[in-house]
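Chemist: For reference, this is data_21.csv, and it has CSV, C-alpha atoms and all ligand atoms.
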chain,number,residue,atom,x,y,z
C,897,MET,CA,-59.0,54.3,144.9
C,898,SER,CA,-60.4,51.0,143.6
C,899,THR,CA,-60.3,50.2,139.9
C,900,LYS,CA,-63.5,48.2,140.2
C,901,GLN,CA,-65.9,49.0,137.4
C,902,LEU,CA,-69.1,50.8,138.4
C,903,PHE,CA,-72.1,48.5,138.2
C,904,LEU,CA,-75.4,50.1,137.2
C,905,ALA,CA,-78.8,48.5,136.9
C,906,PRO,CA,-80.2,48.4,133.4
C,907,THR,CA,-82.7,50.9,132.0
C,908,ALA,CA,-86.2,49.7,132.8
C,909,ALA,CA,-87.9,47.5,130.2
C,910,PRO,CA,-91.2,49.2,129.1
C,911,THR,CA,-93.3,46.1,130.0
C,912,ILE,CA,-91.9,46.3,133.6
C,913,ALA,CA,-92.1,50.1,133.8
C,914,ASN,CA,-95.8,49.9,133.0
C,915,LEU,CA,-96.6,47.4,135.6
C,916,PRO,CA,-98.1,48.5,139.0
C,917,LYS,CA,-95.4,47.9,141.5
C,918,CYS,CA,-94.6,48.0,145.2
C,919,ASN,CA,-91.5,49.3,146.9
C,920,ILE,CA,-91.2,48.3,150.5
C,921,HIS,CA,-87.5,48.9,150.9
C,922,THR,CA,-86.3,52.4,150.1
C,923,HIS,CA,-84.6,55.1,152.2
C,924,LEU,CA,-85.6,58.7,152.2
C,925,GLU,CA,-81.9,59.6,152.9
C,926,GLY,CA,-80.8,57.8,149.7
C,927,SER,CA,-83.6,59.6,147.6
C,928,VAL,CA,-82.5,63.2,147.7
C,929,ARG,CA,-82.3,64.5,144.1
C,930,PRO,CA,-78.9,66.2,143.6
C,931,SER,CA,-80.7,69.2,142.0
C,932,THR,CA,-82.8,69.6,145.1
C,933,PHE,CA,-79.8,69.3,147.3
C,934,MET,CA,-78.2,72.2,145.4
C,935,GLU,CA,-81.3,74.4,145.7
C,936,LEU,CA,-81.6,73.7,149.4
C,937,ALA,CA,-77.9,74.1,150.0
C,938,VAL,CA,-78.0,77.6,148.4
C,939,GLU,CA,-81.3,78.5,150.3
C,940,HIS,CA,-79.7,77.6,153.6
C,941,GLY,CA,-76.4,79.2,152.9
C,942,ILE,CA,-74.5,75.9,153.0
C,943,GLU,CA,-72.9,76.4,149.6
C,944,ARG,CA,-72.8,79.5,147.4
C,945,LYS,CA,-72.5,78.0,144.0
C,946,PRO,CA,-72.6,74.2,144.1
C,947,SER,CA,-71.7,72.3,141.0
C,948,LEU,CA,-74.0,69.5,139.9
C,949,ASP,CA,-71.1,67.3,139.0
C,950,VAL,CA,-69.4,67.7,142.4
C,951,VAL,CA,-72.7,67.2,144.3
C,952,SER,CA,-73.6,64.1,142.2
C,953,ARG,CA,-70.2,62.5,142.8
C,954,ALA,CA,-70.6,63.1,146.5
C,955,MET,CA,-74.0,61.6,146.7
C,956,GLN,CA,-73.9,58.8,144.2
C,957,VAL,CA,-71.9,55.7,143.7
C,958,THR,CA,-68.8,56.0,141.6
C,959,GLY,CA,-67.5,52.4,141.8
C,960,ALA,CA,-64.9,53.3,144.4
C,961,GLU,CA,-67.0,52.2,147.3
C,962,GLU,CA,-65.8,49.0,149.0
C,963,SER,CA,-68.2,48.4,151.9
C,964,LEU,CA,-71.5,49.3,153.4
C,965,VAL,CA,-69.7,52.1,155.4
C,966,ASP,CA,-68.4,53.7,152.2
C,967,TYR,CA,-71.9,53.5,150.8
C,968,LEU,CA,-73.4,55.1,153.9
C,969,ASP,CA,-70.9,58.0,153.6
C,970,LYS,CA,-72.5,58.8,150.2
C,971,ILE,CA,-75.9,58.8,151.8
C,972,SER,CA,-74.9,61.0,154.7
C,973,TYR,CA,-73.7,63.8,152.4
C,974,GLY,CA,-77.4,64.6,151.8
C,975,TYR,CA,-78.1,64.9,155.6
C,976,GLN,CA,-76.9,68.5,155.3
C,977,VAL,CA,-80.1,69.7,153.8
C,978,PHE,CA,-82.6,67.9,156.1
C,979,LEU,CA,-82.8,71.1,158.0
C,980,ASP,CA,-86.4,72.1,158.6
C,981,LYS,CA,-90.0,71.1,158.0
C,982,LYS,CA,-90.2,72.5,154.5
C,983,SER,CA,-87.0,70.9,153.3
C,984,VAL,CA,-87.8,67.5,154.7
C,985,GLN,CA,-91.4,67.6,153.4
C,986,ARG,CA,-90.0,68.5,149.9
C,987,ILE,CA,-87.5,65.6,150.0
C,988,ALA,CA,-90.1,63.1,151.0
C,989,TYR,CA,-92.6,64.4,148.4
C,990,GLU,CA,-90.0,64.1,145.7
C,991,ALA,CA,-89.0,60.6,146.8
C,992,ALA,CA,-92.6,59.5,146.5
C,993,GLU,CA,-93.0,61.4,143.2
C,994,ASP,CA,-90.0,59.6,141.7
C,995,ALA,CA,-91.5,56.3,142.9
C,996,ALA,CA,-94.9,57.2,141.3
C,997,LEU,CA,-93.3,58.0,138.0
C,998,ASP,CA,-91.6,54.6,138.1
C,999,GLY,CA,-95.0,52.9,138.4
C,1000,VAL,CA,-95.0,52.3,142.2
C,1001,ILE,CA,-98.5,52.2,143.6
C,1002,TYR,CA,-97.6,51.1,147.1
C,1003,LEU,CA,-94.6,52.7,148.8
C,1004,GLU,CA,-93.3,52.1,152.3
C,1005,LEU,CA,-90.6,54.7,152.6
C,1006,ARG,CA,-88.2,54.5,155.5
C,1007,ALA,CA,-86.2,57.2,157.3
C,1008,GLY,CA,-84.1,57.7,160.4
C,1009,PRO,CA,-85.5,60.9,161.9
C,1010,VAL,CA,-83.2,61.1,164.9
C,1011,THR,CA,-80.2,62.0,162.7
C,1012,HIS,CA,-82.1,65.0,161.3
C,1013,SER,CA,-83.4,66.3,164.5
C,1014,HIS,CA,-82.1,69.2,166.5
C,1015,THR,CA,-83.3,71.6,169.2
C,1016,ASP,CA,-85.5,73.5,166.8
C,1017,PHE,CA,-86.6,70.4,164.8
C,1018,PRO,CA,-87.5,67.6,167.2
C,1019,VAL,CA,-87.9,64.0,166.1
C,1020,GLY,CA,-91.7,64.2,166.1
C,1021,GLN,CA,-91.6,67.2,163.7
C,1022,VAL,CA,-89.2,65.4,161.4
C,1023,ILE,CA,-91.6,62.5,161.2
C,1024,GLU,CA,-94.5,64.9,160.7
C,1025,SER,CA,-92.7,66.6,157.8
C,1026,ILE,CA,-92.0,63.3,156.0
C,1027,LEU,CA,-95.7,62.3,156.4
C,1028,LEU,CA,-96.8,65.7,155.0
C,1029,GLY,CA,-94.6,65.0,151.9
C,1030,LEU,CA,-96.1,61.5,151.5
C,1031,HIS,CA,-99.7,62.7,151.9
C,1032,GLN,CA,-99.0,65.4,149.3
C,1033,ALA,CA,-97.8,62.7,146.9
C,1034,GLU,CA,-100.8,60.6,147.6
C,1035,ASP,CA,-103.0,63.6,146.7
C,1036,LYS,CA,-101.3,64.0,143.4
C,1037,TYR,CA,-100.5,60.5,142.3
C,1038,ASN,CA,-102.5,57.3,142.3
C,1039,MET,CA,-100.5,55.7,145.1
C,1040,VAL,CA,-100.6,54.7,148.7
C,1041,CYS,CA,-97.6,55.8,150.9
C,1042,ARG,CA,-96.6,54.7,154.3
C,1043,LEU,CA,-93.6,55.4,156.5
C,1044,ILE,CA,-91.2,53.0,158.3
C,1045,VAL,CA,-89.3,54.7,161.1
C,1046,SER,CA,-85.6,53.5,161.2
C,1047,ALA,CA,-83.7,53.3,164.4
C,1048,LEU,CA,-79.9,53.4,163.9
C,1049,ARG,CA,-77.6,50.7,165.2
C,1050,ASN,CA,-75.0,53.2,166.4
C,1051,HIS,CA,-77.4,55.4,168.3
C,1052,ASP,CA,-77.9,55.2,172.1
C,1053,PRO,CA,-80.4,52.4,172.9
C,1054,LYS,CA,-82.3,54.9,175.1
C,1055,GLU,CA,-82.6,57.3,172.1
C,1056,ASN,CA,-84.1,54.4,170.1
C,1057,ILE,CA,-86.6,53.6,172.9
C,1058,LYS,CA,-87.8,57.2,172.8
C,1059,LEU,CA,-87.9,57.0,169.0
C,1060,ALA,CA,-90.2,53.9,169.2
C,1061,HIS,CA,-92.6,55.8,171.5
C,1062,THR,CA,-92.6,58.8,169.1
C,1063,ALA,CA,-93.2,56.5,166.1
C,1064,ILE,CA,-96.2,55.0,167.8
C,1065,GLU,CA,-97.8,58.5,168.1
C,1066,PHE,CA,-98.0,58.7,164.3
C,1067,LYS,CA,-99.5,55.2,163.9
C,1068,HIS,CA,-102.8,56.7,162.7
C,1069,ASP,CA,-101.1,59.2,160.4
C,1070,GLY,CA,-99.1,56.8,158.2
C,1071,VAL,CA,-96.3,55.2,160.3
C,1072,VAL,CA,-96.6,51.5,159.9
C,1073,GLY,CA,-93.3,50.0,160.8
C,1074,PHE,CA,-90.1,50.1,162.8
C,1075,ASP,CA,-86.7,49.2,161.3
C,1076,LEU,CA,-83.0,48.9,162.4
C,1077,ALA,CA,-80.5,50.4,159.9
C,1078,GLY,CA,-76.9,51.6,159.8
C,1079,ASP,CA,-73.5,50.0,160.3
C,1080,GLU,CA,-74.2,46.3,160.8
C,1081,ALA,CA,-70.6,45.2,160.9
C,1082,GLY,CA,-69.8,47.7,163.7
C,1083,TYR,CA,-72.9,47.5,165.9
C,1084,LEU,CA,-75.1,44.7,167.2
C,1085,ALA,CA,-78.9,44.8,167.3
C,1086,GLN,CA,-79.0,43.3,170.9
C,1087,PRO,CA,-78.9,46.7,172.8
C,1088,HIS,CA,-82.0,47.8,170.9
C,1089,ALA,CA,-84.3,44.9,171.8
C,1090,GLU,CA,-86.5,47.0,174.1
C,1091,ALA,CA,-87.2,49.6,171.4
C,1092,PHE,CA,-88.4,46.8,169.1
C,1093,SER,CA,-90.5,45.2,171.8
C,1094,ILE,CA,-92.2,48.6,172.4
C,1095,ALA,CA,-92.8,49.2,168.7
C,1096,ARG,CA,-94.1,45.7,168.1
C,1097,SER,CA,-96.4,45.5,171.1
C,1098,ASN,CA,-98.0,48.8,170.0
C,1099,GLY,CA,-98.8,47.5,166.5
C,1100,LEU,CA,-95.9,48.5,164.3
C,1101,GLY,CA,-94.5,46.0,161.8
C,1102,ILE,CA,-90.9,45.0,162.4
C,1103,THR,CA,-88.2,44.8,159.8
C,1104,VAL,CA,-84.4,44.7,160.5
C,1105,HIS,CA,-81.5,45.2,158.2
C,1106,ALA,CA,-79.5,42.0,158.8
C,1107,GLY,CA,-77.3,39.6,156.9
C,1108,GLU,CA,-76.0,42.4,154.7
C,1109,ALA,CA,-72.7,43.4,156.3
C,1110,GLY,CA,-73.1,40.8,159.0
C,1111,GLY,CA,-73.7,37.1,159.2
C,1112,THR,CA,-76.5,34.6,159.7
C,1113,ASP,CA,-76.6,35.1,163.5
C,1114,ASN,CA,-77.9,38.6,163.0
C,1115,ILE,CA,-80.8,37.4,160.8
C,1116,LEU,CA,-81.7,34.7,163.4
C,1117,TYR,CA,-81.6,37.2,166.2
C,1118,ALA,CA,-83.8,39.6,164.2
C,1119,VAL,CA,-86.4,36.9,163.6
C,1120,GLU,CA,-86.3,35.1,166.9
C,1121,LYS,CA,-85.8,37.9,169.4
C,1122,LEU,CA,-86.9,41.1,167.6
C,1123,LYS,CA,-89.8,39.2,166.0
C,1124,ALA,CA,-89.1,40.7,162.6
C,1125,THR,CA,-91.5,39.4,159.9
C,1126,ARG,CA,-89.3,41.0,157.2
C,1127,ILE,CA,-85.6,41.2,156.9
C,1128,GLY,CA,-83.7,44.0,155.0
C,1129,HIS,CA,-81.5,42.2,152.5
C,1130,GLY,CA,-80.8,39.0,154.5
C,1131,ILE,CA,-78.4,37.9,151.7
C,1132,ARG,CA,-76.2,35.9,153.9
C,1133,ALA,CA,-79.1,33.6,154.9
C,1134,ILE,CA,-78.0,31.6,151.9
C,1135,GLU,CA,-75.0,30.4,153.9
C,1136,SER,CA,-77.2,28.3,156.3
C,1137,ARG,CA,-79.5,25.5,155.2
C,1138,ASP,CA,-81.3,25.7,158.5
C,1139,LEU,CA,-81.9,29.4,158.2
C,1140,VAL,CA,-83.2,29.1,154.7
C,1141,ASN,CA,-85.7,26.4,155.9
C,1142,LEU,CA,-86.7,28.6,158.8
C,1143,LEU,CA,-87.4,31.7,156.6
C,1144,SER,CA,-89.3,29.6,154.2
C,1145,GLN,CA,-91.4,27.8,156.9
C,1146,ARG,CA,-92.2,31.0,158.7
C,1147,GLN,CA,-92.7,33.0,155.5
C,1148,ILE,CA,-90.3,35.7,156.6
C,1149,LEU,CA,-90.0,38.1,153.6
C,1150,LEU,CA,-86.5,39.2,152.4
C,1151,GLU,CA,-86.5,42.7,151.2
C,1152,LEU,CA,-83.9,42.4,148.4
C,1153,CYS,CA,-82.2,45.3,146.6
C,1154,PRO,CA,-79.8,43.6,144.2
C,1155,THR,CA,-77.9,46.7,142.8
C,1156,SER,CA,-77.3,48.1,146.3
C,1157,ASN,CA,-75.8,44.7,147.3
C,1158,VAL,CA,-73.2,45.1,144.6
C,1159,HIS,CA,-72.4,48.7,145.6
C,1160,THR,CA,-71.9,47.7,149.3
C,1161,ASN,CA,-69.9,44.7,148.3
C,1162,THR,CA,-72.4,42.3,149.9
C,1163,VAL,CA,-72.2,40.3,146.7
C,1164,ASP,CA,-69.0,40.5,144.6
C,1165,ASN,CA,-70.9,40.2,141.3
C,1166,ILE,CA,-74.5,40.5,140.4
C,1167,LYS,CA,-74.4,36.9,138.9
C,1168,ASN,CA,-73.7,35.6,142.4
C,1169,HIS,CA,-76.8,37.3,144.0
C,1170,PRO,CA,-79.0,34.6,145.7
C,1171,VAL,CA,-82.3,36.2,144.6
C,1172,SER,CA,-83.2,33.1,142.4
C,1173,LYS,CA,-82.2,30.7,145.1
C,1174,PHE,CA,-84.4,32.4,147.7
C,1175,TYR,CA,-87.3,32.5,145.3
C,1176,ASN,CA,-87.0,28.9,144.4
C,1177,GLU,CA,-86.8,27.9,148.1
C,1178,GLY,CA,-90.3,29.5,148.6
C,1179,ILE,CA,-89.0,32.4,150.7
C,1180,PRO,CA,-91.2,35.5,150.0
C,1181,ILE,CA,-89.2,38.3,148.6
C,1182,SER,CA,-89.7,41.9,147.6
C,1183,ILE,CA,-87.6,44.0,145.3
C,1184,GLY,CA,-86.7,47.5,146.4
C,1185,ASP,CA,-84.2,50.1,145.2
C,1186,ASP,CA,-82.7,50.8,148.7
C,1187,ASP,CA,-81.3,54.2,147.8
C,1188,PRO,CA,-82.4,55.1,144.3
C,1189,ILE,CA,-80.4,58.2,144.0
C,1190,THR,CA,-77.2,56.8,145.6
C,1191,SER,CA,-77.4,53.7,143.5
C,1192,ARG,CA,-78.9,55.4,140.5
C,1193,THR,CA,-81.7,52.8,140.1
C,1194,SER,CA,-85.4,52.3,140.5
C,1195,VAL,CA,-87.7,49.4,141.2
C,1196,SER,CA,-88.4,49.0,137.5
C,1197,SER,CA,-84.7,48.9,136.8
C,1198,GLU,CA,-84.1,46.3,139.6
C,1199,LEU,CA,-86.9,44.1,138.2
C,1200,THR,CA,-85.5,44.5,134.7
C,1201,LEU,CA,-82.1,43.3,136.1
C,1202,LEU,CA,-83.9,40.2,137.4
C,1203,GLN,CA,-85.4,39.6,134.0
C,1204,ASN,CA,-82.1,40.1,132.2
C,1205,ASN,CA,-79.8,38.3,134.6
C,1206,PHE,CA,-82.0,35.6,136.2
C,1207,GLY,CA,-84.7,35.0,133.7
C,1208,PHE,CA,-87.6,36.3,135.8
C,1209,GLY,CA,-90.6,36.7,133.5
C,1210,ILE,CA,-93.6,38.9,134.1
C,1211,LYS,CA,-95.4,36.1,136.0
C,1212,LYS,CA,-92.7,35.9,138.6
C,1213,ILE,CA,-92.4,39.7,138.7
C,1214,LYS,CA,-96.1,40.0,139.5
C,1215,ALA,CA,-95.8,37.2,142.1
C,1216,ILE,CA,-93.1,39.4,143.8
C,1217,GLN,CA,-95.5,42.3,143.9
C,1218,GLN,CA,-98.1,40.1,145.5
C,1219,MET,CA,-95.7,38.8,148.1
C,1220,SER,CA,-94.7,42.5,148.9
C,1221,ILE,CA,-98.4,43.4,149.5
C,1222,GLU,CA,-99.0,40.3,151.6
C,1223,SER,CA,-96.1,41.2,153.9
C,1224,ALA,CA,-96.8,45.0,153.8
C,1225,PHE,CA,-97.2,46.6,157.2
C,1226,ILE,CA,-100.6,48.2,156.5
C,1227,THR,CA,-103.2,46.8,158.8
C,1228,ASP,CA,-106.3,47.9,156.8
C,1229,GLN,CA,-107.3,44.6,155.2
C,1230,THR,CA,-109.7,46.3,152.7
C,1231,LEU,CA,-106.9,48.4,151.4
C,1232,LYS,CA,-104.6,45.4,151.3
C,1233,SER,CA,-107.1,43.4,149.2
C,1234,LYS,CA,-107.5,46.4,146.9
C,1235,LEU,CA,-103.8,46.7,146.4
C,1236,LEU,CA,-103.4,43.0,145.9
C,1237,GLN,CA,-106.1,43.2,143.2
C,1238,ILE,CA,-104.2,46.0,141.4
C,1239,VAL,CA,-100.9,44.2,141.3
C,1240,SER,CA,-102.6,40.9,140.3
C,1241,ALA,CA,-104.6,42.3,137.4
C,1242,PRO,CA,-103.9,40.6,134.1
R,1,ZN,ZN,-81.7,49.5,153.4
With the file now loaded, output its structure as structure tokens.
Ligand SMILES: [Zn+2]
Modeler:
Amino acid sequence: MSTKQLFLAPTAAPTIANLPKCNIHTHLEGSVRPSTFMELAVEHGIERKPSLDVVSRAMQVTGAEESLVDYLDKISYGYQVFLDKKSVQRIAYEAAEDAALDGVIYLELRAGPVTHSHTDFPVGQVIESILLGLHQAEDKYNMVCRLIVSALRNHDPKENIKLAHTAIEFKHDGVVGFDLAGDEAGYLAQPHAEAFSIARSNGLGITVHAGEAGGTDNILYAVEKLKATRIGHGIRAIESRDLVNLLSQRQILLELCPTSNVHTNTVDNIKNHPVSKFYNEGIPISIGDDDPITSRTSVSSELTLLQNNFGFGIKKIKAIQQMSIESAFITDQTLKSKLLQIVSAP
């Protein structure tokens, strides 16, 4: 057991909490409320009398995590309750609701549906259930929700090709992007190139988790070969002057989630996070919460962290929201302009 102290993002500053915000990097699997997990676990006979303390410790960081793999273990605990349409719709609705209550007006939630699928609950139905939850949140809150479908690095490339085809079927119902997630240190992106080519040529936006638990080559491959216009994290780009220049020249957005990077040991201390350097280099960035329940954070908390630790004022924080909308995967330009107006309002 590590003796490392648990790092937590600060409580959101009211000025930031009240701003209209975007979250374009957040996972459904890291958004399951422990209370919901408990209710669903009882309903499905997984546990008879779960304790909130035990469930919370299983699902949320404790400070003992030493790598992305340890962190992913926390997230996968919640998989147990992704059992049917109703459960998944509820989890998705609540993820969007938590975002809305944090002041998020544009949400691109991502999820890896293959993991939750089984004979009676095929991948298409998992996607449909998530979209139902998102539409339900859009009806209740003043927000726009879209879905990014995540392929996992450790899955069979053929499975991910099938997933790309299924994702495309939901293009007109809210699926806007295709992502690669999972154990970056253990699995390369290369075997999944065809799935990305299919998704991209059929109009889905491409983002890839890279340069988090792996090096600069992974980022370069995602940009050059998978044609990603956004990179999940991309922290290690800072190690290469050429890569920093390339990201800036091509305006490839880095989806940064600072607290999660401390929890996965991608950065050893929040003070060493390169967020300011990327910003000053003219690389577009977004600030997401990655796994808000796992990391016990929110977009407002992450932005407050930027304010406290790196001196980001409201002007810069608004600029980040604008960059997020500009790189958002929605194709409806009228909607994009409207969202841009909302986040830019004085
Ligand atoms: Zn992520």
Chemist: Which residue, C:Glu943, C:Asp1079, C:Glu1090, C:Asp1113, has the smallest gap to ligand ZN 1 (chain R) when you use only C-alpha atoms and all ligand atoms?
Modeler: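 Using only C-alpha atoms and all ligand atoms, the shortest distance to ligand ZN 1 (chain R) belongs to C:Asp1079.
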Chemist: Show which residues sit within 10 Å of Val1119 in chain C, as an MDAnalysis selection string. Count all atoms listed in the file, and ignore same-chain residues fewer than 4 positions away.
Modeler: chainID C and resid 1102:1104 1106 1113:1115 1123:1127 1142:1143 1146 1148
Chemist: Excluding range 1018-1034 of chain C and its own-chain neighbours fewer than 2 positions away, which residues fall within 8 Å of it when counting only C-alpha atoms? Please give them as number ranges by chain.
Modeler: C: 980-982, 984-990, 992-993, 1009-1010, 1012-1016, 1036-1043, 1059, 1062-1063, 1066, 1069-1070
Chemist: Using all atoms listed in the file, what are the residues with an atom within 7 Å of ligand ZN 1 (chain R), set out as JSON, numbers by chain?
Modeler: {"C": [921, 922, 923, 1077, 1105, 1128, 1186]}
Chemist: Excluding Lys1067 in chain C and any residue of its chain fewer than 6 positions from it, enumerate the residues within 9 Å of it, using all atoms listed in the file, and give them as JSON, numbers by chain.
Modeler: {"C": [1073, 1098, 1099, 1100]}
Chemist: Hey, which of C:Ala960, C:Met955, C:Ile1216, C:Leu924 ends up closest to Ser972 in chain C? Count all atoms listed in the file.
Modeler: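 That would be C:Met955, the residue with the smallest distance to Ser972 in chain C.
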Chemist: Could you work out how far CA of Ile1213 in chain C lies from CA of Cys1153 in chain C, giving the answer in Å with one decimal?
Modeler: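 Distance reported for this atom pair: 14.1 Å.
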Chemist: Counting only C-alpha atoms, figure out which residue out of C:Pro1154, C:Pro1188, C:Gly999, C:Gly1008 gets nearest to Ala913 in chain C.
Modeler: C:Gly999
Chemist: Which residue is closest to Thr1190 in chain C? Choose from C:Glu1055, C:Glu1151, C:Asp994, C:Asp969 and count all atoms listed in the file.
Modeler: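 Smallest distance to Thr1190 in chain C is found for C:Asp969.
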Chemist: Nearest to His1129 in chain C: which of C:Gly1184, C:Pro910, C:Gly1078, C:Pro1087 is it, counting only C-alpha atoms?
Modeler: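 Ranked by minimum distance to His1129 in chain C, first place goes to C:Gly1184.
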Chemist: Between C:Pro916, C:Pro1170, C:Gly926, C:Pro1180, which one has atoms that come closest to Asp998 in chain C, using only C-alpha atoms?
Modeler: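 Counting only C-alpha atoms, the residue closest to Asp998 in chain C is C:Pro916.
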Chemist: Mind pulling up the distance from CA of Arg1132 in chain C to CA of Ser927 in chain C?
Modeler: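 So the two atoms, CA of Ser927 in chain C and CA of Arg1132 in chain C, lie 25.6 Å apart.
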Chemist: Since the input lacks some atoms of range 1089-1104 of chain C, please model N, CA, C and O atoms and print them as a CSV table (one decimal), in the coordinates of the input.
Modeler:
chain,number,residue,atom,x,y,z
C,1089,ALA,N,-83.1,45.9,171.7
C,1089,ALA,CA,-84.3,44.9,171.8
C,1089,ALA,C,-85.5,45.6,172.4
C,1089,ALA,O,-86.6,45.4,171.9
C,1090,GLU,N,-85.3,46.4,173.4
C,1090,GLU,CA,-86.5,47.0,174.1
C,1090,GLU,C,-87.2,47.9,173.2
C,1090,GLU,O,-88.5,47.9,173.2
C,1091,ALA,N,-86.5,48.7,172.4
C,1091,ALA,CA,-87.2,49.6,171.4
C,1091,ALA,C,-88.1,48.8,170.5
C,1091,ALA,O,-89.2,49.2,170.2
C,1092,PHE,N,-87.6,47.7,170.0
C,1092,PHE,CA,-88.4,46.8,169.1
C,1092,PHE,C,-89.6,46.2,169.8
C,1092,PHE,O,-90.6,46.1,169.2
C,1093,SER,N,-89.4,45.8,171.0
C,1093,SER,CA,-90.5,45.2,171.8
C,1093,SER,C,-91.6,46.3,171.9
C,1093,SER,O,-92.8,46.0,171.8
C,1094,ILE,N,-91.2,47.5,172.2
C,1094,ILE,CA,-92.2,48.6,172.4
C,1094,ILE,C,-93.0,48.8,171.1
C,1094,ILE,O,-94.2,48.9,171.0
C,1095,ALA,N,-92.2,48.9,170.0
C,1095,ALA,CA,-92.8,49.2,168.7
C,1095,ALA,C,-93.8,48.1,168.3
C,1095,ALA,O,-94.9,48.3,167.9
C,1096,ARG,N,-93.3,46.9,168.5
C,1096,ARG,CA,-94.1,45.7,168.1
C,1096,ARG,C,-95.4,45.6,168.9
C,1096,ARG,O,-96.5,45.4,168.4
C,1097,SER,N,-95.3,45.7,170.2
C,1097,SER,CA,-96.4,45.5,171.1
C,1097,SER,C,-97.4,46.7,170.9
C,1097,SER,O,-98.6,46.6,171.3
C,1098,ASN,N,-97.0,47.7,170.2
C,1098,ASN,CA,-98.0,48.8,170.0
C,1098,ASN,C,-98.4,48.8,168.5
C,1098,ASN,O,-98.9,49.8,168.0
C,1099,GLY,N,-98.2,47.7,167.8
C,1099,GLY,CA,-98.8,47.5,166.5
C,1099,GLY,C,-98.0,47.9,165.3
C,1099,GLY,O,-98.6,48.0,164.2
C,1100,LEU,N,-96.7,48.2,165.5
C,1100,LEU,CA,-95.9,48.5,164.3
C,1100,LEU,C,-95.3,47.2,163.7
C,1100,LEU,O,-94.9,46.4,164.5
C,1101,GLY,N,-95.2,47.2,162.4
C,1101,GLY,CA,-94.5,46.0,161.8
C,1101,GLY,C,-93.0,46.1,162.0
C,1101,GLY,O,-92.5,47.2,162.2
C,1102,ILE,N,-92.4,45.0,162.1
C,1102,ILE,CA,-90.9,45.0,162.4
C,1102,ILE,C,-90.1,44.4,161.2
C,1102,ILE,O,-90.4,43.3,160.7
C,1103,THR,N,-89.2,45.2,160.8
C,1103,THR,CA,-88.2,44.8,159.8
C,1103,THR,C,-86.8,45.2,160.3
C,1103,THR,O,-86.7,46.2,161.0
C,1104,VAL,N,-85.8,44.4,160.0
C,1104,VAL,CA,-84.4,44.7,160.5
C,1104,VAL,C,-83.5,44.5,159.3
C,1104,VAL,O,-83.5,43.4,158.7
